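Listing of start_22.csv; format and content: CSV, C-alpha atoms.
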```
chain,number,residue,atom,x,y,z
B,229,MET,CA,84.9,-63.6,138.9
B,230,PRO,CA,83.1,-66.4,140.8
B,231,LEU,CA,84.4,-67.2,144.3
B,232,SER,CA,85.4,-70.7,145.4
B,233,THR,CA,85.2,-72.6,148.7
B,234,GLY,CA,87.9,-71.2,151.0
B,235,ASP,CA,88.2,-67.8,149.5
B,236,LYS,CA,88.1,-64.9,151.8
B,237,LEU,CA,86.2,-61.6,151.7
B,238,GLY,CA,87.5,-59.7,154.7
B,239,PRO,CA,86.7,-61.8,157.8
B,240,TYR,CA,84.3,-64.0,155.8
B,241,GLU,CA,85.2,-67.4,154.5
B,242,ILE,CA,83.3,-68.6,151.5
B,243,LEU,CA,81.8,-72.1,152.0
B,244,ALA,CA,79.6,-72.7,149.0
B,245,ALA,CA,77.6,-71.0,146.2
B,246,ILE,CA,73.9,-71.0,147.1
B,247,GLY,CA,72.3,-69.0,144.2
B,248,GLU,CA,72.2,-66.0,142.0
B,249,GLY,CA,70.4,-62.8,142.8
B,250,GLY,CA,69.6,-59.6,140.9
B,251,MET,CA,72.9,-58.0,141.8
B,252,GLY,CA,75.2,-61.1,141.4
B,253,GLU,CA,76.3,-64.3,143.0
B,254,VAL,CA,75.1,-65.4,146.5
B,255,TYR,CA,77.3,-67.5,148.8
B,256,ARG,CA,77.1,-69.2,152.1
B,257,ALA,CA,80.0,-68.0,154.3
B,258,HIS,CA,81.3,-68.1,157.8
B,259,ASP,CA,81.9,-65.0,160.0
B,260,ALA,CA,85.1,-65.8,161.9
B,261,ARG,CA,84.7,-62.9,164.3
B,262,LEU,CA,81.1,-63.7,165.5
B,263,HIS,CA,81.2,-67.4,164.7
B,264,ARG,CA,78.0,-67.4,162.7
B,265,TYR,CA,77.0,-68.4,159.2
B,266,VAL,CA,75.9,-65.7,156.8
B,267,ALA,CA,74.8,-65.1,153.2
B,268,ILE,CA,77.0,-62.9,151.1
B,269,LYS,CA,75.8,-61.2,147.9
B,270,VAL,CA,78.6,-60.1,145.6
B,271,SER,CA,78.3,-57.5,143.0
B,272,ALA,CA,80.3,-57.3,139.8
B,273,GLU,CA,80.9,-53.6,140.4
B,274,ARG,CA,81.9,-51.6,143.4
B,275,PHE,CA,79.2,-49.9,145.3
B,276,SER,CA,78.8,-46.2,145.0
B,277,GLU,CA,79.0,-43.9,148.1
B,278,ARG,CA,75.2,-43.3,147.8
B,279,PHE,CA,74.6,-47.0,147.9
B,280,GLY,CA,76.6,-47.3,151.0
B,281,ILE,CA,74.5,-44.6,152.7
B,282,GLU,CA,71.3,-46.4,151.7
B,283,ALA,CA,72.7,-49.7,152.8
B,284,ARG,CA,73.4,-48.3,156.3
B,285,ALA,CA,69.9,-47.0,156.5
B,286,ILE,CA,68.5,-50.4,155.5
B,287,ALA,CA,70.8,-52.1,158.1
B,288,SER,CA,68.8,-50.1,160.8
B,289,LEU,CA,65.8,-52.3,160.0
B,290,ASN,CA,65.3,-54.7,162.9
B,291,HIS,CA,62.2,-56.8,162.4
B,292,PRO,CA,61.6,-60.6,162.6
B,293,ASN,CA,60.2,-60.7,159.1
B,294,VAL,CA,63.0,-58.7,157.5
B,295,CYS,CA,66.3,-60.5,156.5
B,296,THR,CA,68.8,-58.5,158.5
B,297,LEU,CA,71.7,-56.7,156.7
B,298,TYR,CA,74.8,-57.3,158.9
B,299,ASP,CA,77.6,-55.6,156.9
B,300,VAL,CA,78.5,-53.8,153.7
B,301,GLY,CA,81.8,-54.3,151.9
B,302,PRO,CA,83.2,-52.5,148.8
B,303,ASN,CA,81.2,-54.8,146.5
B,304,TYR,CA,79.3,-57.2,148.7
B,305,LEU,CA,76.5,-57.3,151.3
B,306,VAL,CA,76.6,-59.6,154.3
B,307,MET,CA,73.1,-60.7,155.3
B,308,GLU,CA,71.3,-63.1,157.6
B,309,LEU,CA,71.4,-66.6,156.3
B,310,VAL,CA,67.8,-67.8,156.0
B,311,ASP,CA,67.1,-71.5,155.6
B,312,GLY,CA,63.9,-72.7,153.9
B,313,GLN,CA,62.2,-72.5,150.5
B,314,THR,CA,61.3,-69.3,148.7
B,315,LEU,CA,57.7,-68.4,148.2
B,316,ALA,CA,58.2,-68.9,144.5
B,317,GLU,CA,59.1,-72.5,145.2
B,318,ARG,CA,56.1,-72.9,147.4
B,319,ILE,CA,53.7,-71.5,144.7
B,320,ARG,CA,55.2,-73.9,142.1
B,321,GLN,CA,53.6,-76.7,144.2
B,322,GLY,CA,50.2,-75.2,143.6
B,323,ALA,CA,47.8,-72.6,144.9
B,324,ILE,CA,48.1,-71.9,148.6
B,325,PRO,CA,44.9,-72.2,150.7
B,326,LEU,CA,43.3,-69.0,151.9
B,327,ASP,CA,44.2,-69.3,155.6
B,328,GLU,CA,47.9,-70.1,154.9
B,329,SER,CA,48.1,-67.4,152.3
B,330,LEU,CA,46.7,-64.8,154.7
B,331,ALA,CA,49.2,-66.0,157.4
B,332,ILE,CA,52.1,-65.5,154.9
B,333,ALA,CA,50.6,-62.1,153.7
B,334,LYS,CA,50.4,-60.8,157.3
B,335,GLN,CA,54.1,-61.4,157.8
B,336,ILE,CA,55.0,-59.8,154.5
B,337,ALA,CA,52.9,-56.8,155.3
B,338,ASP,CA,54.5,-56.5,158.7
B,339,ALA,CA,58.0,-56.4,157.1
B,340,LEU,CA,56.9,-53.8,154.6
B,341,ASP,CA,55.2,-51.7,157.3
B,342,ALA,CA,58.4,-51.7,159.4
B,343,ALA,CA,60.4,-50.5,156.3
B,344,HIS,CA,57.9,-47.9,155.2
B,345,GLU,CA,57.9,-46.3,158.7
B,346,LYS,CA,61.6,-45.7,158.1
B,347,GLY,CA,61.0,-44.3,154.6
B,348,ILE,CA,62.4,-47.4,152.9
B,349,ALA,CA,60.6,-48.9,149.9
B,350,HIS,CA,61.6,-52.3,148.7
B,351,ARG,CA,60.9,-51.8,145.0
B,352,ASP,CA,61.6,-55.5,144.1
B,353,LEU,CA,59.0,-57.5,146.1
B,354,LYS,CA,58.3,-60.8,144.5
B,355,PRO,CA,58.0,-64.5,145.6
B,356,GLY,CA,61.6,-65.1,144.8
B,357,ASN,CA,62.6,-62.5,147.4
B,358,ILE,CA,60.5,-64.0,150.1
B,359,LYS,CA,61.6,-67.0,152.1
B,360,ILE,CA,59.6,-69.3,154.5
B,361,THR,CA,61.7,-71.0,157.2
B,362,PRO,CA,60.9,-74.6,158.3
B,363,ASP,CA,59.0,-73.2,161.3
B,364,GLY,CA,56.8,-71.0,159.2
B,365,VAL,CA,58.5,-67.6,159.7
B,366,VAL,CA,58.4,-65.4,156.6
B,367,LYS,CA,61.6,-63.4,155.8
B,368,VAL,CA,61.5,-60.6,153.1
B,369,LEU,CA,64.9,-60.5,151.4
B,370,ASP,CA,66.8,-57.9,149.3
B,371,PHE,CA,65.8,-54.8,151.1
B,372,GLY,CA,69.5,-54.1,150.5
B,373,LEU,CA,68.6,-53.4,146.8
B,374,ALA,CA,65.8,-51.0,147.6
B,375,LYS,CA,65.9,-47.3,147.0
B,376,MET,CA,64.6,-44.8,149.5
B,377,GLY,CA,62.3,-42.9,147.2
B,378,GLY,CA,63.4,-41.2,144.0
B,379,PRO,CA,63.0,-42.2,140.4
B,380,THR,CA,63.2,-45.8,139.2
B,381,ALA,CA,66.5,-46.6,137.5
B,382,HIS,CA,66.4,-48.3,134.1
B,383,SER,CA,70.1,-48.7,133.5
B,384,ASP,CA,71.4,-52.0,132.1
B,385,ASN,CA,72.8,-53.0,135.5
B,386,SER,CA,69.7,-52.2,137.4
B,387,PRO,CA,68.8,-55.0,139.8
B,388,THR,CA,65.2,-54.4,138.7
B,389,LEU,CA,65.6,-54.4,134.9
B,390,THR,CA,68.7,-56.2,134.0
B,391,VAL,CA,69.1,-57.0,130.3
B,392,SER,CA,71.7,-59.7,130.6
B,393,PRO,CA,70.8,-62.8,128.6
B,394,THR,CA,71.5,-65.0,131.6
B,395,GLN,CA,69.0,-63.0,133.7
B,396,ALA,CA,65.9,-63.5,131.5
B,397,GLY,CA,64.0,-65.1,134.3
B,398,VAL,CA,64.8,-62.2,136.6
B,399,ILE,CA,63.6,-59.7,133.9
B,400,LEU,CA,60.2,-61.4,133.5
B,401,GLY,CA,59.9,-62.2,137.2
B,402,THR,CA,60.7,-58.7,138.4
B,403,ALA,CA,58.7,-56.9,135.6
B,404,ALA,CA,55.7,-58.9,136.5
B,405,TYR,CA,55.5,-57.3,140.0
B,406,MET,CA,56.3,-53.7,139.0
B,407,ALA,CA,53.7,-51.1,139.7
B,408,PRO,CA,52.5,-49.2,136.6
B,409,GLU,CA,54.2,-46.0,137.6
B,410,GLN,CA,57.4,-48.0,138.2
B,411,ALA,CA,57.1,-49.6,134.7
B,412,ARG,CA,56.8,-46.1,133.2
B,413,GLY,CA,59.9,-44.8,134.9
B,414,LYS,CA,58.1,-42.4,137.2
B,415,PRO,CA,59.1,-41.8,140.8
B,416,VAL,CA,57.9,-44.5,143.2
B,417,ASP,CA,57.3,-44.8,146.9
B,418,ARG,CA,55.8,-47.3,149.3
B,419,ARG,CA,52.7,-47.6,147.1
B,420,ALA,CA,54.7,-49.5,144.6
B,421,ASP,CA,55.3,-52.1,147.3
B,422,ILE,CA,51.6,-52.3,148.0
B,423,TRP,CA,51.0,-53.0,144.3
B,424,ALA,CA,53.5,-55.8,144.4
B,425,PHE,CA,52.0,-57.1,147.6
B,426,GLY,CA,48.6,-57.4,145.8
B,427,VAL,CA,50.3,-59.2,142.9
B,428,VAL,CA,52.0,-61.7,145.2
B,429,LEU,CA,48.8,-62.4,147.1
B,430,TYR,CA,47.0,-63.0,143.9
B,431,GLU,CA,49.7,-65.5,142.8
B,432,MET,CA,49.6,-67.3,146.1
B,433,LEU,CA,45.9,-67.8,146.0
B,434,THR,CA,45.6,-68.8,142.4
B,435,GLY,CA,48.9,-70.5,141.7
B,436,HIS,CA,49.3,-68.5,138.6
B,437,ARG,CA,51.3,-65.3,137.8
B,438,LEU,CA,49.1,-62.4,137.3
B,439,PHE,CA,50.9,-60.5,134.6
B,440,GLN,CA,52.9,-62.4,131.9
B,441,GLY,CA,54.6,-61.9,128.6
B,442,ASP,CA,57.2,-63.4,126.3
B,443,ASP,CA,59.7,-60.7,127.2
B,444,ALA,CA,60.1,-57.8,129.6
B,445,SER,CA,58.3,-55.3,127.3
B,446,GLU,CA,55.2,-57.6,126.9
B,447,THR,CA,55.1,-58.2,130.6
B,448,LEU,CA,55.2,-54.5,131.4
B,449,ALA,CA,52.5,-53.9,128.8
B,450,SER,CA,50.4,-56.5,130.6
B,451,VAL,CA,51.0,-54.7,133.9
B,452,ILE,CA,49.9,-51.4,132.4
B,453,LYS,CA,46.8,-52.6,130.5
B,454,ASP,CA,45.5,-56.1,131.5
B,455,GLU,CA,42.7,-56.4,134.0
B,456,PRO,CA,43.0,-59.2,136.5
B,457,ASP,CA,40.4,-62.0,136.6
B,458,TRP,CA,38.9,-61.2,140.0
B,459,GLU,CA,36.6,-64.3,139.9
B,460,ARG,CA,39.7,-66.5,140.5
B,461,LEU,CA,40.1,-65.0,143.9
B,462,PRO,CA,38.2,-66.1,147.0
B,463,PRO,CA,35.5,-63.5,147.8
B,464,GLN,CA,37.0,-62.6,151.1
B,465,VAL,CA,40.1,-61.0,149.5
B,466,ARG,CA,38.7,-59.4,146.3
B,467,ARG,CA,38.3,-56.0,147.8
B,468,LEU,CA,41.8,-56.1,149.3
B,469,VAL,CA,43.5,-57.1,146.1
B,470,ARG,CA,41.5,-54.6,144.0
B,471,SER,CA,42.6,-51.9,146.4
B,472,CYS,CA,46.2,-52.9,146.1
B,473,LEU,CA,46.0,-53.1,142.3
B,474,LYS,CA,44.6,-49.6,141.5
B,475,ARG,CA,46.7,-48.4,138.7
B,476,ASP,CA,46.5,-44.8,140.0
B,477,PRO,CA,48.6,-44.8,143.1
B,478,LYS,CA,46.4,-42.1,144.6
B,479,GLN,CA,43.5,-44.5,144.6
B,480,ARG,CA,45.5,-47.4,145.8
B,481,LEU,CA,45.7,-48.6,149.4
B,482,GLN,CA,47.9,-46.0,151.0
B,483,ALA,CA,49.3,-47.9,154.0
B,484,ILE,CA,50.2,-51.5,154.0
B,485,GLY,CA,49.4,-51.7,157.7
B,486,ASP,CA,45.7,-51.3,156.9
B,487,TRP,CA,45.5,-54.3,154.6
B,488,SER,CA,43.6,-56.6,156.9
B,489,LEU,CA,40.8,-54.0,157.2
B,490,LEU,CA,39.8,-54.7,153.6
B,491,LEU,CA,39.2,-58.4,154.2
B,492,GLU,CA,35.6,-59.5,153.8
B,493,ASP,CA,34.1,-61.8,156.5
B,494,GLN,CA,37.5,-63.1,157.5
B,495,PRO,CA,39.1,-63.3,161.0
B,496,PRO,CA,42.3,-61.3,161.3
B,497,PRO,CA,45.4,-63.2,160.0
B,498,GLY,CA,47.7,-64.9,162.6
B,499,ARG,CA,44.5,-65.7,164.7
B,500,ALA,CA,43.3,-68.5,162.6
B,501,ARG,CA,43.4,-72.1,164.0
B,502,GLY,CA,45.5,-71.9,167.1
B,503,ILE,CA,44.2,-68.4,168.2
B,504,THR,CA,40.7,-68.5,166.8
B,505,LEU,CA,39.8,-71.9,168.3
B,506,PRO,CA,39.9,-70.7,171.9
B,507,TRP,CA,37.5,-67.9,171.0
B,508,MET,CA,35.2,-70.3,169.4
B,509,VAL,CA,35.3,-72.5,172.4
B,510,ALA,CA,34.7,-69.5,174.7
B,511,GLY,CA,31.7,-68.5,172.6
B,512,GLY,CA,30.3,-72.0,172.8
B,513,LEU,CA,30.7,-72.1,176.6
B,514,ALA,CA,29.0,-68.7,176.8
B,515,ALA,CA,26.1,-70.0,174.8
B,516,ALA,CA,25.8,-73.1,177.0
B,517,LEU,CA,25.9,-70.9,180.1
B,518,ALA,CA,23.2,-68.7,178.8
B,519,ILE,CA,21.0,-71.8,178.1
B,520,ALA,CA,21.7,-73.2,181.6
B,521,LEU,CA,20.8,-69.9,183.2
B,522,TRP,CA,17.6,-69.7,181.1
B,523,ALA,CA,16.7,-73.3,182.2
B,524,LEU,CA,17.2,-72.4,185.9
B,525,SER,CA,15.1,-69.3,185.5
B,526,ARG,CA,12.4,-71.5,184.1
B,527,VAL,CA,12.5,-73.6,187.2
B,528,ALA,CA,12.9,-70.7,189.6
B,529,GLU,CA,10.1,-68.6,188.1
B,530,PRO,CA,7.5,-70.8,186.5
B,531,ALA,CA,4.9,-69.2,184.3
B,532,ASP,CA,1.5,-68.4,185.9
B,533,ARG,CA,-0.9,-71.2,185.5
B,534,PRO,CA,-4.7,-71.1,185.7
B,535,LEU,CA,-6.2,-72.0,189.1
B,536,VAL,CA,-7.2,-75.7,189.2
B,537,ARG,CA,-9.8,-77.0,191.7
B,538,LEU,CA,-9.7,-80.7,192.7
B,539,ASP,CA,-12.1,-82.5,195.0
B,540,VAL,CA,-10.6,-85.7,196.6
B,541,ASP,CA,-12.0,-87.9,199.4
B,542,LEU,CA,-9.0,-89.0,201.4
B,543,GLY,CA,-11.1,-91.2,203.7
B,544,ALA,CA,-12.5,-91.0,207.2
B,545,ASP,CA,-9.3,-92.4,208.8
B,546,VAL,CA,-7.1,-89.5,207.5
B,547,SER,CA,-6.4,-86.8,210.1
B,548,LEU,CA,-4.6,-83.8,208.7
B,549,PRO,CA,-2.3,-81.8,211.1
B,550,ALA,CA,-3.3,-78.4,212.2
B,551,ALA,CA,-2.4,-75.6,209.8
B,552,GLY,CA,1.2,-74.4,210.1
B,553,VAL,CA,3.9,-73.5,207.7
B,554,GLY,CA,3.2,-74.6,204.2
B,555,THR,CA,0.5,-77.1,203.4
B,556,SER,CA,-0.2,-80.7,204.5
B,557,VAL,CA,-1.1,-81.9,201.0
B,558,ALA,CA,0.9,-81.7,197.7
B,559,ILE,CA,0.0,-82.8,194.2
B,560,SER,CA,2.6,-84.0,191.7
B,561,PRO,CA,3.5,-81.9,188.6
B,562,ASP,CA,1.7,-84.3,186.3
B,563,GLY,CA,-1.5,-84.1,188.5
B,564,MET,CA,-1.5,-87.9,189.0
B,565,ARG,CA,-0.3,-88.3,192.6
B,566,LEU,CA,-1.0,-86.9,196.1
B,567,VAL,CA,1.3,-86.8,199.1
B,568,PHE,CA,-0.2,-85.7,202.4
B,569,ALA,CA,0.6,-85.8,206.1
B,570,SER,CA,-1.7,-87.6,208.5
B,571,GLY,CA,-1.8,-88.7,212.0
B,572,SER,CA,-0.2,-87.7,215.3
B,573,PRO,CA,2.7,-87.6,215.1
B,574,PRO,CA,2.2,-87.0,211.4
B,575,LYS,CA,3.5,-89.4,208.8
B,576,LEU,CA,3.5,-89.0,205.0
B,577,PHE,CA,1.2,-91.0,202.7
B,578,THR,CA,1.1,-91.1,198.9
B,579,ARG,CA,-1.8,-92.0,196.7
B,580,ARG,CA,-2.2,-92.1,193.0
B,581,LEU,CA,-5.5,-90.4,191.9
B,582,ASP,CA,-6.5,-93.4,189.8
B,583,GLN,CA,-6.3,-95.6,193.0
B,584,SER,CA,-8.5,-95.6,196.1
B,585,ASN,CA,-6.0,-96.5,198.7
B,586,ALA,CA,-3.0,-94.5,200.1
B,587,ALA,CA,0.4,-96.0,201.0
B,588,GLU,CA,2.5,-94.9,203.9
B,589,LEU,CA,6.0,-93.6,203.1
B,590,PRO,CA,8.1,-95.3,205.9
B,591,GLY,CA,10.6,-93.2,207.8
B,592,THR,CA,8.6,-90.0,207.7
B,593,GLN,CA,7.5,-89.6,211.3
B,594,GLY,CA,7.1,-86.0,212.3
B,595,ALA,CA,7.0,-84.9,208.6
B,596,SER,CA,5.2,-81.7,207.6
B,597,SER,CA,4.7,-79.4,204.6
B,598,PRO,CA,5.4,-82.0,201.8
B,599,PHE,CA,6.2,-80.9,198.3
B,600,PHE,CA,7.3,-82.5,195.0
B,601,SER,CA,10.5,-82.0,193.1
B,602,PRO,CA,10.0,-80.4,189.6
B,603,ASP,CA,10.3,-83.8,187.9
B,604,GLY,CA,7.8,-85.4,190.3
B,605,ARG,CA,10.2,-88.2,191.2
B,606,TRP,CA,11.0,-87.0,194.8
B,607,VAL,CA,9.0,-85.8,197.7
B,608,GLY,CA,10.5,-83.2,200.0
B,609,PHE,CA,9.4,-82.5,203.5
B,610,PHE,CA,10.4,-80.9,206.8
B,611,ALA,CA,11.3,-83.0,209.8
B,612,ASN,CA,13.4,-82.4,212.9
B,613,GLY,CA,14.3,-78.9,211.6
B,614,LYS,CA,15.8,-80.2,208.4
B,615,VAL,CA,14.7,-80.5,204.8
B,616,ASN,CA,14.6,-84.2,203.6
B,617,LYS,CA,13.7,-86.0,200.5
B,618,MET,CA,12.5,-89.4,199.6
B,619,SER,CA,11.5,-91.3,196.4
B,620,VAL,CA,7.8,-91.3,195.7
B,621,GLU,CA,8.1,-95.0,195.5
B,622,GLY,CA,9.4,-95.1,199.1
B,623,GLY,CA,12.9,-96.0,200.5
B,624,ALA,CA,15.4,-94.3,202.8
B,625,SER,CA,15.1,-90.6,203.2
B,626,SER,CA,18.0,-88.2,203.0
B,627,ARG,CA,18.8,-84.5,203.4
B,628,TRP,CA,17.8,-82.4,200.4
B,629,PRO,CA,21.0,-81.0,198.8
B,630,ILE,CA,19.3,-77.9,197.3
B,631,PRO,CA,17.9,-75.2,199.6
B,632,PRO,CA,14.1,-75.2,199.1
B,633,THR,CA,14.1,-71.5,198.8
B,634,SER,CA,15.7,-71.8,195.4
B,635,TRP,CA,12.5,-73.1,193.9
B,636,GLU,CA,8.8,-73.0,194.6
B,637,PRO,CA,7.3,-76.3,195.7
B,638,VAL,CA,5.1,-77.7,192.9
B,639,GLY,CA,1.5,-77.5,193.8
B,640,ALA,CA,1.8,-74.3,195.9
B,641,ARG,CA,-0.6,-72.6,193.6
B,642,THR,CA,-3.2,-75.5,193.5
B,643,ALA,CA,-6.2,-75.2,195.8
B,644,VAL,CA,-7.5,-78.5,197.3
B,645,SER,CA,-10.8,-78.7,199.1
B,646,TRP,CA,-11.7,-81.6,201.4
```

Whole structure, structure tokens version:
Amino acid sequence: MPLSTGDKLGPYEILAAIGEGGMGEVYRAHDARLHRYVAIKVSAERFSERFGIEARAIASLNHPNVCTLYDVGPNYLVMELVDGQTLAERIRQGAIPLDESLAIAKQIADALDAAHEKGIAHRDLKPGNIKITPDGVVKVLDFGLAKMGGPTAHSDNSPTLTVSPTQAGVILGTAAYMAPEQARGKPVDRRADIWAFGVVLYEMLTGHRLFQGDDASETLASVIKDEPDWERLPPQVRRLVRSCLKRDPKQRLQAIGDWSLLLEDQPPPGRARGITLPWMVAGGLAAALAIALWALSRVAEPADRPLVRLDVDLGADVSLPAAGVGTSVAISPDGMRLVFASGSPPKLFTRRLDQSNAAELPGTQGASSPFFSPDGRWVGFFANGKVNKMSVEGGASSRWPIPPTSWEPVGARTAVSW
């Protein structure tokens, strides 16, 4: 008999009907003891002692992607109230993009993996039993209806194969996700959940149910005989879905926790977008750093060049200082300009090779060992125990910001005879 608003089930007050599940009506209720809202699933029949034992085992599941079972009454289950749409409702809006599908699949797989580690198989995994909260968290529902191993029940009141006329949608929906061994009434284990996981993933990516029929028997026949259209799937997931949908459970993927290992050329789920992007940025920075280091090495260690001999008449009035550290003459990288020290005290002069006269660089008294910057725009020189620089066009001099030992003065390997 349906419950009404205000009815009580133990300490739980019924607030509203919110749906119908495989085992009966589902209500929104309030727990007066813990002051929280819950979902209550009410069965038309009292639970057996064995069901109560199984329910207590399922209540031990504590995982963020599993809908928590709080309490078990004589004919009802009290569960976590999960807001949001079901995966079935999301699929009705159209096929789900690959990245989003894999993010959902990861959370489903995590929930199944947690249950399988405790020896619990869901046995009724389908889009209608999966909810997505408004903040994107996936919750797998109805672990309370699962069996921990053993043969599949095919009685009229089975939550998997009900024959009630009002449950036709449940018949077709559930049958469409059954593993072949489950459809044949053979014993099932966690590999039946892996089959259903593959069917759900196929449906998310294509927007279409994989196995269909006009009634339960035709749908189960499709499960047993029909071959999926693999071309409808993105190439990255074909190997995974094929492995999940092996009709022989011995050849099927054996552990749901290994599902992501079968993805082709796809980053691990849960790392896409927000997590993958930092790695992409880091990779780009690493590449940029490598290029920068390469460029510096090109400056620091220039390739050997052939010896070039150049004869230049600087004029009779030029007096080069006595030999000391470095050289008194430097030639620009493009070979078009000279800088040399002349006089006592020495000063720097510059001369283009296509001109006959040299021009003094003001402010270079006491300068020695001139050299060009790699781009030829600056002249470096030593004066007063410091390294200075000046534009080749003249102007004020300033201290050189980079130690000259970090690069070889251009022209150091060029011999000049006078």

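Among B:Leu490, B:Leu448, B:Ile484, B:Leu461, the residue with the shortest atom-to-atom distance to B:Asp338, counting only C-alpha atoms, is B:Ile484.
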
* Asked: With distances taken over all atoms listed in the file, which of B:Pro415, B:Ile319, B:Asn303, B:His291 is nearest to B:Arg351?
  -> B:Pro415

* Asked: Looking at all atoms listed in the file, which of B:Val368, B:Arg480, B:Ala349, B:Leu576 is the one that sits closest to B:Asp417?
  ->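 The shortest atom-to-atom distance to B:Asp417 comes from B:Ala349.
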
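From atom CA of B:Leu473 back to atom CA of B:Glu409, the distance works out to 11.8 Å.
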
* In Å, rounded to a single decimal, give me how far atom CA of B:Asn612 is from atom CA of B:Met564. =>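 Computed distance, atom CA of B:Met564 to atom CA of B:Asn612, equals 28.7 Å.
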
* **Residue neighbourhood B:Ala333, 7 Å, all atoms listed in the file, exclusion window fewer than 4 positions, as number ranges by chain** => B: 329, 337, 429

Write out, as a tab-separated table, each residue of stretch 246-272 of chain B that has an atom at most 12 Å from stretch 236-240 of chain B, together with the closest pair of atoms and their distance in Å to one decimal, counting only C-alpha atoms, rows going by chain and rising number.
```
residue	atom	partner	partner_atom	distance
B:Tyr255	CA	B:Tyr240	CA	10.5
B:Arg256	CA	B:Tyr240	CA	9.6
B:Ala257	CA	B:Tyr240	CA	6.1
B:His258	CA	B:Tyr240	CA	5.5
B:Asp259	CA	B:Tyr240	CA	4.9
B:Ala260	CA	B:Pro239	CA	5.9
B:Arg261	CA	B:Pro239	CA	6.9
B:Leu262	CA	B:Pro239	CA	9.7
B:His263	CA	B:Tyr240	CA	10.0
B:Arg264	CA	B:Tyr240	CA	9.9
B:Tyr265	CA	B:Tyr240	CA	9.2
B:Val266	CA	B:Tyr240	CA	8.6
B:Ala267	CA	B:Tyr240	CA	9.9
B:Ile268	CA	B:Tyr240	CA	8.8
B:Lys269	CA	B:Leu237	CA	11.1
B:Val270	CA	B:Leu237	CA	9.9
```

* Do you know which residues are at most 12 Å from B:Gln479 counting all atoms listed in the file, after dropping those on the same chain fewer than 6 positions away, and could you put them as a PyMOL selection string? -> chain B and resi 419+422-423+470-473

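Note that the spacing between atom CA of B:Arg318 and atom CA of B:Ile336 amounts to 14.9 Å.
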
* To do: Would you be able to write out as a PyMOL selection string which residues have an atom within 9 Å of (47.4, -67.8, 143.6) in the file's coordinates, counting only C-alpha atoms?
  => chain B and resi 319+322-325+329+428-438+460-461

Which neighbours of B:Pro598 fall inside 7 Å, counting all atoms listed in the file, when residues of the same chain fewer than 3 positions from it are skipped, and could you give them as a tab-separated table (two decimals) with C-alpha atoms, in the coordinates of the input?
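New file around_15.tsv:
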```
chain	number	residue	atom	x	y	z
B	556	SER	CA	-0.20	-80.70	204.50
B	557	VAL	CA	-1.10	-81.90	201.00
B	558	ALA	CA	0.90	-81.70	197.70
B	567	VAL	CA	1.30	-86.80	199.10
B	568	PHE	CA	-0.20	-85.70	202.40
B	607	VAL	CA	9.00	-85.80	197.70
B	608	GLY	CA	10.50	-83.20	200.00
B	609	PHE	CA	9.40	-82.50	203.50
```

* To do: Would you mind telling me which residue in B:Asp421, B:Cys295, B:Leu330, B:Asp311 lies nearest to B:His350 when using all atoms listed in the file?
  =>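 Nearest candidate to B:His350 out of B:Asp421, B:Cys295, B:Leu330, B:Asp311: B:Asp421.
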
* **Residue among B:Lys453, B:Ala244, B:Ala483, B:Ala272 lying closest to B:Leu340, counting all atoms listed in the file** => B:Ala483

* Asked: Which residue, B:Gly622, B:Pro573, B:Pro462, B:Pro561, has the smallest gap to B:Gly591 when you use all atoms listed in the file?
  ->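 Nearest candidate to B:Gly591 out of B:Gly622, B:Pro573, B:Pro462, B:Pro561: B:Gly622.
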